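**Q** Structure file final-v3.txt (compact mmCIF, N, CA, C and O atoms and all ligand atoms) right here:
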# COMPACT_ATOMS: atom_id res chain seq x y z
N MET F 34 78.81 -177.85 -142.47
CA MET F 34 78.04 -177.87 -141.24
C MET F 34 76.77 -178.70 -141.47
O MET F 34 76.04 -178.44 -142.41
N ASN F 35 76.55 -179.73 -140.62
CA ASN F 35 75.29 -180.46 -140.79
C ASN F 35 74.15 -179.66 -140.18
O ASN F 35 74.36 -178.77 -139.37
N SER F 36 72.90 -180.01 -140.57
CA SER F 36 71.77 -179.18 -140.18
C SER F 36 71.55 -179.17 -138.67
O SER F 36 70.99 -178.22 -138.13
N ASN F 37 72.02 -180.22 -137.95
CA ASN F 37 71.86 -180.22 -136.51
C ASN F 37 72.73 -179.17 -135.84
O ASN F 37 72.45 -178.74 -134.72
N GLN F 38 73.79 -178.76 -136.51
CA GLN F 38 74.69 -177.77 -135.93
C GLN F 38 74.39 -176.35 -136.42
O GLN F 38 75.07 -175.41 -136.02
N ALA F 39 73.41 -176.21 -137.30
CA ALA F 39 73.06 -174.88 -137.79
C ALA F 39 72.58 -174.03 -136.62
O ALA F 39 71.86 -174.51 -135.76
N PRO F 40 73.00 -172.77 -136.57
CA PRO F 40 72.58 -171.94 -135.45
C PRO F 40 71.07 -171.73 -135.41
O PRO F 40 70.43 -171.63 -136.45
N ILE F 41 70.55 -171.71 -134.20
CA ILE F 41 69.15 -171.37 -133.96
C ILE F 41 69.19 -170.09 -133.13
O ILE F 41 69.74 -170.09 -132.04
N ARG F 42 68.62 -169.03 -133.67
CA ARG F 42 68.72 -167.73 -133.00
C ARG F 42 67.34 -167.19 -132.70
O ARG F 42 66.47 -167.18 -133.57
N PHE F 43 67.18 -166.73 -131.47
CA PHE F 43 65.90 -166.14 -131.07
C PHE F 43 66.13 -165.14 -129.95
O PHE F 43 67.24 -165.01 -129.42
N THR F 44 65.06 -164.43 -129.61
CA THR F 44 65.12 -163.40 -128.59
C THR F 44 64.47 -163.91 -127.31
O THR F 44 63.43 -164.57 -127.38
N VAL F 45 65.10 -163.63 -126.19
CA VAL F 45 64.50 -163.96 -124.89
C VAL F 45 64.35 -162.66 -124.10
O VAL F 45 65.29 -161.88 -123.99
N ILE F 46 63.15 -162.46 -123.58
CA ILE F 46 62.89 -161.29 -122.73
C ILE F 46 62.71 -161.79 -121.31
O ILE F 46 61.84 -162.62 -121.03
N GLU F 47 63.59 -161.31 -120.45
CA GLU F 47 63.57 -161.73 -119.05
C GLU F 47 63.62 -160.48 -118.20
O GLU F 47 64.54 -159.68 -118.33
N ASN F 48 62.61 -160.27 -117.36
CA ASN F 48 62.56 -159.07 -116.52
C ASN F 48 62.74 -157.80 -117.34
O ASN F 48 63.52 -156.92 -116.97
N ASP F 49 62.06 -157.70 -118.46
CA ASP F 49 62.10 -156.53 -119.35
C ASP F 49 63.46 -156.31 -120.02
O ASP F 49 63.69 -155.27 -120.63
N THR F 50 64.37 -157.25 -119.89
CA THR F 50 65.66 -157.15 -120.57
C THR F 50 65.65 -158.08 -121.78
O THR F 50 65.24 -159.25 -121.67
N ILE F 51 66.10 -157.55 -122.91
CA ILE F 51 66.09 -158.32 -124.15
C ILE F 51 67.46 -158.95 -124.36
O ILE F 51 68.49 -158.27 -124.29
N HIS F 52 67.47 -160.26 -124.60
CA HIS F 52 68.70 -161.00 -124.85
C HIS F 52 68.60 -161.69 -126.21
O HIS F 52 67.54 -162.23 -126.54
N GLN F 53 69.67 -161.71 -126.95
CA GLN F 53 69.73 -162.49 -128.19
C GLN F 53 70.41 -163.81 -127.86
O GLN F 53 71.51 -163.82 -127.30
N VAL F 54 69.75 -164.90 -128.18
CA VAL F 54 70.27 -166.23 -127.87
C VAL F 54 70.63 -166.94 -129.17
O VAL F 54 69.88 -166.88 -130.13
N SER F 55 71.78 -167.58 -129.16
CA SER F 55 72.18 -168.41 -130.29
C SER F 55 72.52 -169.79 -129.73
O SER F 55 73.32 -169.92 -128.80
N THR F 56 71.89 -170.82 -130.27
CA THR F 56 72.12 -172.17 -129.78
C THR F 56 72.09 -173.11 -130.98
O THR F 56 72.14 -172.66 -132.13
N HIS F 57 71.99 -174.39 -130.73
CA HIS F 57 71.85 -175.35 -131.82
C HIS F 57 71.09 -176.57 -131.33
O HIS F 57 70.97 -176.79 -130.11
N HIS F 58 70.59 -177.33 -132.27
CA HIS F 58 69.83 -178.54 -131.95
C HIS F 58 70.67 -179.44 -131.04
O HIS F 58 71.84 -179.67 -131.31
N GLY F 59 70.07 -179.90 -129.96
CA GLY F 59 70.75 -180.83 -129.07
C GLY F 59 71.59 -180.17 -127.98
O GLY F 59 72.13 -180.87 -127.13
N ALA F 60 71.70 -178.85 -127.99
CA ALA F 60 72.48 -178.18 -126.95
C ALA F 60 71.85 -178.40 -125.58
O ALA F 60 72.56 -178.51 -124.57
N TYR F 61 70.53 -178.48 -125.53
CA TYR F 61 69.77 -178.78 -124.31
C TYR F 61 68.61 -179.69 -124.71
O TYR F 61 68.17 -179.66 -125.86
N PRO F 62 68.06 -180.46 -123.76
CA PRO F 62 66.94 -181.33 -124.11
C PRO F 62 65.71 -180.57 -124.63
O PRO F 62 64.96 -181.08 -125.44
N ASN F 63 65.51 -179.35 -124.11
CA ASN F 63 64.39 -178.52 -124.57
C ASN F 63 64.66 -177.08 -124.15
O ASN F 63 65.67 -176.79 -123.47
N LEU F 64 63.74 -176.18 -124.50
CA LEU F 64 63.93 -174.75 -124.21
C LEU F 64 63.97 -174.48 -122.71
O LEU F 64 64.69 -173.60 -122.26
N MET F 65 63.20 -175.21 -121.92
CA MET F 65 63.19 -175.00 -120.48
C MET F 65 64.59 -175.13 -119.90
O MET F 65 65.04 -174.28 -119.12
N PHE F 66 65.32 -176.18 -120.28
CA PHE F 66 66.66 -176.38 -119.74
C PHE F 66 67.60 -175.26 -120.17
O PHE F 66 68.43 -174.80 -119.39
N LEU F 67 67.47 -174.79 -121.39
CA LEU F 67 68.31 -173.67 -121.85
C LEU F 67 68.03 -172.42 -121.00
O LEU F 67 68.96 -171.78 -120.50
N LEU F 68 66.75 -172.10 -120.82
CA LEU F 68 66.40 -170.88 -120.06
C LEU F 68 66.86 -171.00 -118.61
O LEU F 68 67.40 -170.05 -118.04
N LYS F 69 66.64 -172.17 -118.02
CA LYS F 69 67.03 -172.38 -116.62
C LYS F 69 68.54 -172.21 -116.44
O LYS F 69 68.98 -171.56 -115.50
N GLU F 70 69.30 -172.77 -117.34
CA GLU F 70 70.77 -172.70 -117.25
C GLU F 70 71.32 -171.32 -117.60
O GLU F 70 72.14 -170.76 -116.89
N GLU F 71 70.86 -170.79 -118.71
CA GLU F 71 71.44 -169.53 -119.21
C GLU F 71 71.03 -168.33 -118.38
O GLU F 71 71.75 -167.35 -118.30
N PHE F 72 69.83 -168.39 -117.78
CA PHE F 72 69.33 -167.24 -117.03
C PHE F 72 69.25 -167.51 -115.52
O PHE F 72 68.67 -166.73 -114.78
N LEU F 73 69.83 -168.64 -115.10
CA LEU F 73 69.94 -168.98 -113.68
C LEU F 73 68.59 -168.86 -112.96
O LEU F 73 68.47 -168.19 -111.94
N LEU F 74 67.59 -169.52 -113.52
CA LEU F 74 66.24 -169.45 -112.98
C LEU F 74 66.05 -170.61 -112.00
O LEU F 74 65.94 -171.76 -112.40
N GLU F 75 66.02 -170.30 -110.70
CA GLU F 75 66.07 -171.35 -109.69
C GLU F 75 64.83 -172.24 -109.63
O GLU F 75 64.93 -173.44 -109.60
N SER F 76 63.65 -171.66 -109.58
CA SER F 76 62.45 -172.49 -109.40
C SER F 76 61.73 -172.74 -110.73
O SER F 76 60.55 -173.03 -110.76
N PHE F 77 62.47 -172.64 -111.79
CA PHE F 77 61.93 -172.84 -113.14
C PHE F 77 62.04 -174.32 -113.49
O PHE F 77 63.05 -174.96 -113.25
N GLY F 78 60.96 -174.89 -114.04
CA GLY F 78 61.02 -176.28 -114.51
C GLY F 78 61.06 -177.31 -113.42
O GLY F 78 61.82 -178.27 -113.49
N GLU F 79 60.23 -177.15 -112.41
CA GLU F 79 60.32 -178.02 -111.24
C GLU F 79 59.98 -179.48 -111.50
O GLU F 79 60.47 -180.36 -110.80
N CYS F 80 59.14 -179.78 -112.49
CA CYS F 80 58.80 -181.20 -112.73
C CYS F 80 59.80 -181.87 -113.66
O CYS F 80 59.65 -183.04 -114.00
N GLY F 81 60.82 -181.15 -114.06
CA GLY F 81 61.87 -181.73 -114.88
C GLY F 81 61.52 -181.89 -116.33
O GLY F 81 62.22 -182.55 -117.09
N GLY F 82 60.38 -181.31 -116.73
CA GLY F 82 60.07 -181.29 -118.15
C GLY F 82 58.98 -182.25 -118.60
O GLY F 82 58.87 -182.50 -119.80
N VAL F 83 58.17 -182.75 -117.66
CA VAL F 83 57.11 -183.65 -118.08
C VAL F 83 55.81 -182.92 -118.42
O VAL F 83 54.82 -183.54 -118.80
N GLY F 84 55.80 -181.61 -118.25
CA GLY F 84 54.62 -180.85 -118.67
C GLY F 84 53.51 -180.77 -117.65
O GLY F 84 52.36 -180.56 -118.00
N ARG F 85 53.82 -180.91 -116.38
CA ARG F 85 52.79 -180.91 -115.34
C ARG F 85 52.83 -179.71 -114.39
O ARG F 85 51.81 -179.30 -113.86
N CYS F 86 54.01 -179.16 -114.11
CA CYS F 86 54.11 -178.16 -113.04
C CYS F 86 53.81 -176.74 -113.51
O CYS F 86 53.43 -175.89 -112.72
N ALA F 87 54.03 -176.45 -114.77
CA ALA F 87 53.82 -175.12 -115.35
C ALA F 87 54.70 -174.04 -114.72
O ALA F 87 54.35 -172.87 -114.74
N THR F 88 55.82 -174.44 -114.15
CA THR F 88 56.76 -173.43 -113.65
C THR F 88 57.73 -172.98 -114.74
O THR F 88 58.66 -172.23 -114.47
N CYS F 89 57.49 -173.42 -115.95
CA CYS F 89 58.38 -173.06 -117.07
C CYS F 89 57.63 -172.26 -118.14
O CYS F 89 57.97 -172.30 -119.31
N LEU F 90 56.63 -171.49 -117.68
CA LEU F 90 55.77 -170.77 -118.62
C LEU F 90 56.51 -169.67 -119.37
O LEU F 90 57.30 -168.92 -118.78
N VAL F 91 56.21 -169.58 -120.64
CA VAL F 91 56.73 -168.49 -121.48
C VAL F 91 55.62 -168.04 -122.43
O VAL F 91 54.65 -168.76 -122.66
N THR F 92 55.80 -166.86 -122.96
CA THR F 92 55.03 -166.46 -124.13
C THR F 92 55.96 -166.64 -125.30
O THR F 92 57.09 -166.13 -125.29
N ALA F 93 55.53 -167.42 -126.28
CA ALA F 93 56.38 -167.72 -127.44
C ALA F 93 55.69 -167.18 -128.69
O ALA F 93 54.65 -167.69 -129.09
N LYS F 94 56.27 -166.15 -129.26
CA LYS F 94 55.72 -165.55 -130.48
C LYS F 94 56.65 -165.81 -131.65
O LYS F 94 57.86 -165.93 -131.47
N VAL F 95 56.07 -165.89 -132.81
CA VAL F 95 56.80 -166.04 -134.06
C VAL F 95 57.47 -167.41 -134.18
O VAL F 95 58.47 -167.56 -134.86
N ILE F 96 56.95 -168.40 -133.47
CA ILE F 96 57.43 -169.75 -133.72
C ILE F 96 56.69 -170.31 -134.92
O ILE F 96 55.60 -169.85 -135.25
N THR F 97 57.28 -171.29 -135.55
CA THR F 97 56.70 -171.81 -136.79
C THR F 97 56.68 -173.34 -136.75
O THR F 97 57.19 -173.96 -135.80
N GLY F 98 56.13 -173.93 -137.76
CA GLY F 98 56.22 -175.37 -137.98
C GLY F 98 55.54 -176.20 -136.90
O GLY F 98 54.57 -175.78 -136.27
N ASP F 99 56.06 -177.40 -136.69
CA ASP F 99 55.47 -178.35 -135.75
C ASP F 99 55.46 -177.82 -134.32
O ASP F 99 54.68 -178.28 -133.49
N SER F 100 56.32 -176.87 -134.03
CA SER F 100 56.37 -176.33 -132.67
C SER F 100 55.11 -175.57 -132.29
O SER F 100 54.87 -175.29 -131.12
N LEU F 101 54.28 -175.24 -133.26
CA LEU F 101 53.01 -174.58 -132.96
C LEU F 101 52.01 -175.54 -132.32
O LEU F 101 51.06 -175.11 -131.68
N ILE F 102 52.23 -176.83 -132.50
CA ILE F 102 51.27 -177.84 -132.03
C ILE F 102 51.57 -178.19 -130.58
O ILE F 102 52.70 -178.56 -130.24
N LYS F 103 50.55 -178.05 -129.73
CA LYS F 103 50.72 -178.43 -128.33
C LYS F 103 50.35 -179.90 -128.18
O LYS F 103 49.25 -180.31 -128.54
N GLU F 104 51.27 -180.68 -127.64
CA GLU F 104 51.05 -182.12 -127.54
C GLU F 104 51.26 -182.60 -126.12
O GLU F 104 51.67 -181.86 -125.26
N ARG F 105 51.05 -183.87 -125.93
CA ARG F 105 51.23 -184.57 -124.66
C ARG F 105 50.50 -183.83 -123.53
O ARG F 105 49.34 -183.52 -123.66
N ASN F 106 51.17 -183.50 -122.42
CA ASN F 106 50.50 -182.91 -121.27
C ASN F 106 50.26 -181.41 -121.41
O ASN F 106 49.55 -180.82 -120.60
N GLU F 107 50.85 -180.78 -122.39
CA GLU F 107 50.82 -179.32 -122.45
C GLU F 107 49.40 -178.74 -122.54
O GLU F 107 49.07 -177.84 -121.75
N PRO F 108 48.54 -179.20 -123.45
CA PRO F 108 47.21 -178.58 -123.52
C PRO F 108 46.43 -178.73 -122.22
O PRO F 108 45.79 -177.79 -121.75
N THR F 109 46.51 -179.90 -121.59
CA THR F 109 45.77 -180.15 -120.35
C THR F 109 46.26 -179.25 -119.23
O THR F 109 45.48 -178.65 -118.50
N THR F 110 47.58 -179.14 -119.09
CA THR F 110 48.16 -178.33 -118.02
C THR F 110 47.80 -176.85 -118.22
O THR F 110 47.39 -176.17 -117.28
N LEU F 111 47.91 -176.36 -119.44
CA LEU F 111 47.60 -174.95 -119.69
C LEU F 111 46.11 -174.67 -119.47
O LEU F 111 45.75 -173.64 -118.88
N GLU F 112 45.26 -175.56 -119.92
CA GLU F 112 43.82 -175.37 -119.73
C GLU F 112 43.45 -175.38 -118.25
O GLU F 112 42.65 -174.57 -117.79
N ARG F 113 44.05 -176.29 -117.51
CA ARG F 113 43.78 -176.39 -116.07
C ARG F 113 44.08 -175.07 -115.37
O ARG F 113 43.40 -174.67 -114.43
N LEU F 114 45.09 -174.38 -115.84
CA LEU F 114 45.49 -173.12 -115.21
C LEU F 114 44.84 -171.91 -115.87
O LEU F 114 45.10 -170.77 -115.48
N GLY F 115 44.01 -172.14 -116.87
CA GLY F 115 43.27 -171.04 -117.49
C GLY F 115 44.03 -170.30 -118.56
O GLY F 115 43.63 -169.20 -118.95
N TYR F 116 45.10 -170.87 -119.07
CA TYR F 116 45.85 -170.21 -120.14
C TYR F 116 45.30 -170.68 -121.49
O TYR F 116 45.54 -171.81 -121.90
N ILE F 117 44.55 -169.79 -122.13
CA ILE F 117 43.96 -170.17 -123.41
C ILE F 117 44.61 -169.44 -124.57
O ILE F 117 44.34 -169.72 -125.73
N ASP F 118 45.49 -168.48 -124.25
CA ASP F 118 46.20 -167.73 -125.29
C ASP F 118 47.11 -168.69 -126.06
O ASP F 118 47.88 -169.45 -125.47
N GLU F 119 47.01 -168.66 -127.36
CA GLU F 119 47.81 -169.55 -128.21
C GLU F 119 49.31 -169.42 -127.95
O GLU F 119 50.05 -170.38 -128.09
N SER F 120 49.76 -168.23 -127.59
CA SER F 120 51.20 -168.02 -127.47
C SER F 120 51.76 -168.41 -126.11
O SER F 120 52.97 -168.45 -125.92
N THR F 121 50.89 -168.69 -125.13
CA THR F 121 51.40 -169.12 -123.82
C THR F 121 51.78 -170.59 -123.92
O THR F 121 50.98 -171.43 -124.30
N ARG F 122 53.01 -170.90 -123.55
CA ARG F 122 53.54 -172.25 -123.75
C ARG F 122 54.32 -172.72 -122.54
O ARG F 122 54.80 -171.92 -121.74
N LEU F 123 54.44 -174.03 -122.44
CA LEU F 123 55.38 -174.64 -121.49
C LEU F 123 56.71 -174.75 -122.23
O LEU F 123 56.79 -175.45 -123.26
N SER F 124 57.74 -174.09 -121.73
CA SER F 124 59.01 -174.11 -122.47
C SER F 124 59.62 -175.51 -122.51
O SER F 124 60.42 -175.81 -123.40
N CYS F 125 59.21 -176.39 -121.59
CA CYS F 125 59.74 -177.76 -121.62
C CYS F 125 59.18 -178.56 -122.80
O CYS F 125 59.68 -179.65 -123.10
N GLN F 126 58.15 -178.03 -123.44
CA GLN F 126 57.56 -178.73 -124.58
C GLN F 126 58.00 -178.11 -125.91
O GLN F 126 57.49 -178.45 -126.97
N LEU F 127 58.92 -177.16 -125.83
CA LEU F 127 59.47 -176.55 -127.05
C LEU F 127 60.91 -177.03 -127.21
O LEU F 127 61.73 -176.88 -126.30
N TYR F 128 61.20 -177.60 -128.34
CA TYR F 128 62.51 -178.17 -128.58
C TYR F 128 63.36 -177.22 -129.41
O TYR F 128 62.84 -176.33 -130.09
N LEU F 129 64.66 -177.40 -129.32
CA LEU F 129 65.58 -176.50 -130.02
C LEU F 129 65.67 -176.95 -131.47
O LEU F 129 66.52 -177.74 -131.85
N THR F 130 64.74 -176.41 -132.26
CA THR F 130 64.70 -176.69 -133.69
C THR F 130 64.66 -175.38 -134.45
O THR F 130 64.50 -174.31 -133.84
N LYS F 131 64.73 -175.48 -135.76
CA LYS F 131 64.70 -174.26 -136.58
C LYS F 131 63.37 -173.53 -136.42
O LYS F 131 63.28 -172.34 -136.76
N ASP F 132 62.34 -174.19 -135.88
CA ASP F 132 61.06 -173.52 -135.64
C ASP F 132 61.21 -172.32 -134.70
O ASP F 132 60.35 -171.44 -134.68
N LEU F 133 62.27 -172.30 -133.91
CA LEU F 133 62.47 -171.20 -132.96
C LEU F 133 63.28 -170.05 -133.56
O LEU F 133 63.43 -169.01 -132.91
N ASN F 134 63.79 -170.22 -134.76
CA ASN F 134 64.54 -169.12 -135.37
C ASN F 134 63.66 -167.87 -135.45
O ASN F 134 62.52 -167.93 -135.90
N ASN F 135 64.19 -166.77 -134.95
CA ASN F 135 63.52 -165.46 -134.96
C ASN F 135 62.33 -165.38 -134.01
O ASN F 135 61.58 -164.40 -134.04
N ALA F 136 62.13 -166.39 -133.16
CA ALA F 136 61.03 -166.34 -132.20
C ALA F 136 61.32 -165.31 -131.12
O ALA F 136 62.47 -164.89 -130.92
N GLU F 137 60.26 -164.91 -130.44
CA GLU F 137 60.39 -164.00 -129.30
C GLU F 137 59.82 -164.73 -128.09
O GLU F 137 58.63 -165.01 -128.03
N ILE F 138 60.69 -165.06 -127.15
CA ILE F 138 60.31 -165.84 -125.97
C ILE F 138 60.36 -164.93 -124.75
O ILE F 138 61.40 -164.35 -124.45
N THR F 139 59.24 -164.79 -124.07
CA THR F 139 59.19 -163.99 -122.84
C THR F 139 58.99 -164.92 -121.66
O THR F 139 58.03 -165.70 -121.64
N ILE F 140 59.89 -164.87 -120.70
CA ILE F 140 59.78 -165.69 -119.50
C ILE F 140 58.72 -165.06 -118.61
O ILE F 140 58.80 -163.88 -118.26
N LEU F 141 57.70 -165.86 -118.24
CA LEU F 141 56.60 -165.34 -117.44
C LEU F 141 56.84 -165.60 -115.96
O LEU F 141 57.29 -166.68 -115.58
N GLU F 142 56.50 -164.62 -115.15
CA GLU F 142 56.55 -164.79 -113.70
C GLU F 142 55.30 -165.53 -113.29
O GLU F 142 54.21 -165.19 -113.73
N ILE F 143 55.43 -166.56 -112.46
CA ILE F 143 54.20 -167.21 -111.96
C ILE F 143 54.20 -167.21 -110.45
O ILE F 143 55.19 -166.95 -109.81
S1 LIG X 1 59.03 -178.19 -116.44
FE1 LIG X 1 57.17 -178.69 -115.49
S2 LIG X 1 55.71 -178.15 -116.97
FE2 LIG X 1 57.57 -177.62 -117.91
Starting from the file, lay out its structure as structure tokens.
Ligand code: FES
**A**
Amino acid sequence: MNSNQAPIRFTVIENDTIHQVSTHHGAYPNLMFLLKEEFLLESFGECGGVGRCATCLVTAKVITGDSLIKERNEPTTLERLGYIDESTRLSCQLYLTKDLNNAEITILEI
């Protein structure tokens, strides 16, 4: 098995229900698309993943590595909306990498 196909496993909490998710690198362009598809979230990710709409908000705990770094539009968008908590993230800016193994992702209502 090449490393791109290695399973990436994490927990998703949606409406107080805990789900175990298993995916792999490249299964979706980013976490937002996985959550939207797997949990049938209609108004989630409205800007298509450019980091501007903030309709893809999650709390992401126990992520590691480069995924901890907020880049591109993410810091500006979160600051504009008053989210200063380190764990509040735009799921469209989180990619399906080993950094998400064992993470706890909570889908936030906005
Ligand atoms: S999809 Fe719009 S900010 Fe993430």
**Q** If DSSP is run on the backbone, what residues of chain F are alpha helix (DSSP H)? A reply as number ranges by chain would be ideal.
**A** F: 64-71, 107-113
**Q** Write out as JSON, numbers by chain each polymer residue (protein, DNA or RNA) that has an atom no more than 6 Å from ligand LIG 1 (chain X), with only N, CA, C and O atoms and all ligand atoms counted.
**A** {"F": [77, 78, 79, 80, 81, 82, 83, 84, 85, 86, 87, 88, 89, 123, 124, 125, 126]}
**Q** Enter the distance from atom CA of Val45 of chain F to atom CA of Glu137 of chain F, in Å, rounded to one decimal.
**A** 6.0 Å
**Q** Could you pull the residues within 8 Å of Thr50 of chain F, counting all atoms listed in the file, minus those fewer than 5 positions along the same chain, as an MDAnalysis selection string?
**A** chainID F and resid 44:45 138:140
**Q** What separation in Å, quoted to one decimal, exists between atom C of Leu129 of chain F and atom CA of Leu90 of chain F?
**A**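 Those two atoms sit 17.4 Å apart.
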**Q** Pick out the residues sitting within 8 Å of Leu101 of chain F, and hand them over as a list in words; count all atoms listed in the file, and ignore anything fewer than 2 positions along from it in its own chain.
**A**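 That gives Ile96, Thr97, Gly98, Asp99, Lys103, Glu104, Glu119, Gln126 and Asp132 of chain F.
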**Q** Please fill the gaps in segment 93-101 of chain F so it has all heavy atoms, and write that as a short mmCIF file (atom, residue, chain, number, x, y, z; two decimals), in the coordinates of the input.
**A**
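Once everything was written out, this is part_25.cif:
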data_model
loop_
_atom_site.label_atom_id
_atom_site.label_comp_id
_atom_site.auth_asym_id
_atom_site.auth_seq_id
_atom_site.Cartn_x
_atom_site.Cartn_y
_atom_site.Cartn_z
N ALA F 93 55.53 -167.42 -126.28
CA ALA F 93 56.38 -167.72 -127.44
C ALA F 93 55.69 -167.18 -128.69
O ALA F 93 54.65 -167.69 -129.09
CB ALA F 93 56.60 -169.22 -127.55
N LYS F 94 56.27 -166.15 -129.26
CA LYS F 94 55.72 -165.55 -130.48
C LYS F 94 56.65 -165.81 -131.65
O LYS F 94 57.86 -165.93 -131.47
CB LYS F 94 55.54 -164.04 -130.31
CG LYS F 94 54.52 -163.69 -129.24
CD LYS F 94 54.37 -162.20 -129.12
CE LYS F 94 53.35 -161.88 -128.04
NZ LYS F 94 53.40 -160.46 -127.65
N VAL F 95 56.07 -165.89 -132.81
CA VAL F 95 56.80 -166.04 -134.06
C VAL F 95 57.47 -167.41 -134.18
O VAL F 95 58.47 -167.56 -134.86
CB VAL F 95 57.84 -164.90 -134.30
CG1 VAL F 95 58.11 -164.73 -135.80
CG2 VAL F 95 57.40 -163.58 -133.71
N ILE F 96 56.95 -168.40 -133.47
CA ILE F 96 57.43 -169.75 -133.72
C ILE F 96 56.69 -170.31 -134.92
O ILE F 96 55.60 -169.85 -135.25
CB ILE F 96 57.30 -170.68 -132.49
CG1 ILE F 96 55.85 -170.77 -132.04
CG2 ILE F 96 58.20 -170.23 -131.37
CD1 ILE F 96 55.63 -171.85 -131.00
N THR F 97 57.28 -171.29 -135.55
CA THR F 97 56.70 -171.81 -136.79
C THR F 97 56.68 -173.34 -136.75
O THR F 97 57.19 -173.96 -135.80
CB THR F 97 57.54 -171.37 -138.01
OG1 THR F 97 58.87 -171.86 -137.83
CG2 THR F 97 57.54 -169.86 -138.16
N GLY F 98 56.13 -173.93 -137.76
CA GLY F 98 56.22 -175.37 -137.98
C GLY F 98 55.54 -176.20 -136.90
O GLY F 98 54.57 -175.78 -136.27
N ASP F 99 56.06 -177.40 -136.69
CA ASP F 99 55.47 -178.35 -135.75
C ASP F 99 55.46 -177.82 -134.32
O ASP F 99 54.68 -178.28 -133.49
CB ASP F 99 56.23 -179.68 -135.78
CG ASP F 99 56.02 -180.42 -137.09
OD1 ASP F 99 55.08 -180.08 -137.84
OD2 ASP F 99 56.82 -181.33 -137.37
N SER F 100 56.32 -176.87 -134.03
CA SER F 100 56.37 -176.33 -132.67
C SER F 100 55.11 -175.57 -132.29
O SER F 100 54.87 -175.29 -131.12
CB SER F 100 57.58 -175.40 -132.51
OG SER F 100 58.77 -176.15 -132.65
N LEU F 101 54.28 -175.24 -133.26
CA LEU F 101 53.01 -174.58 -132.96
C LEU F 101 52.01 -175.54 -132.32
O LEU F 101 51.06 -175.11 -131.68
CB LEU F 101 52.40 -174.01 -134.26
CG LEU F 101 53.10 -172.80 -134.85
CD1 LEU F 101 52.60 -172.53 -136.26
CD2 LEU F 101 52.87 -171.59 -133.96
#
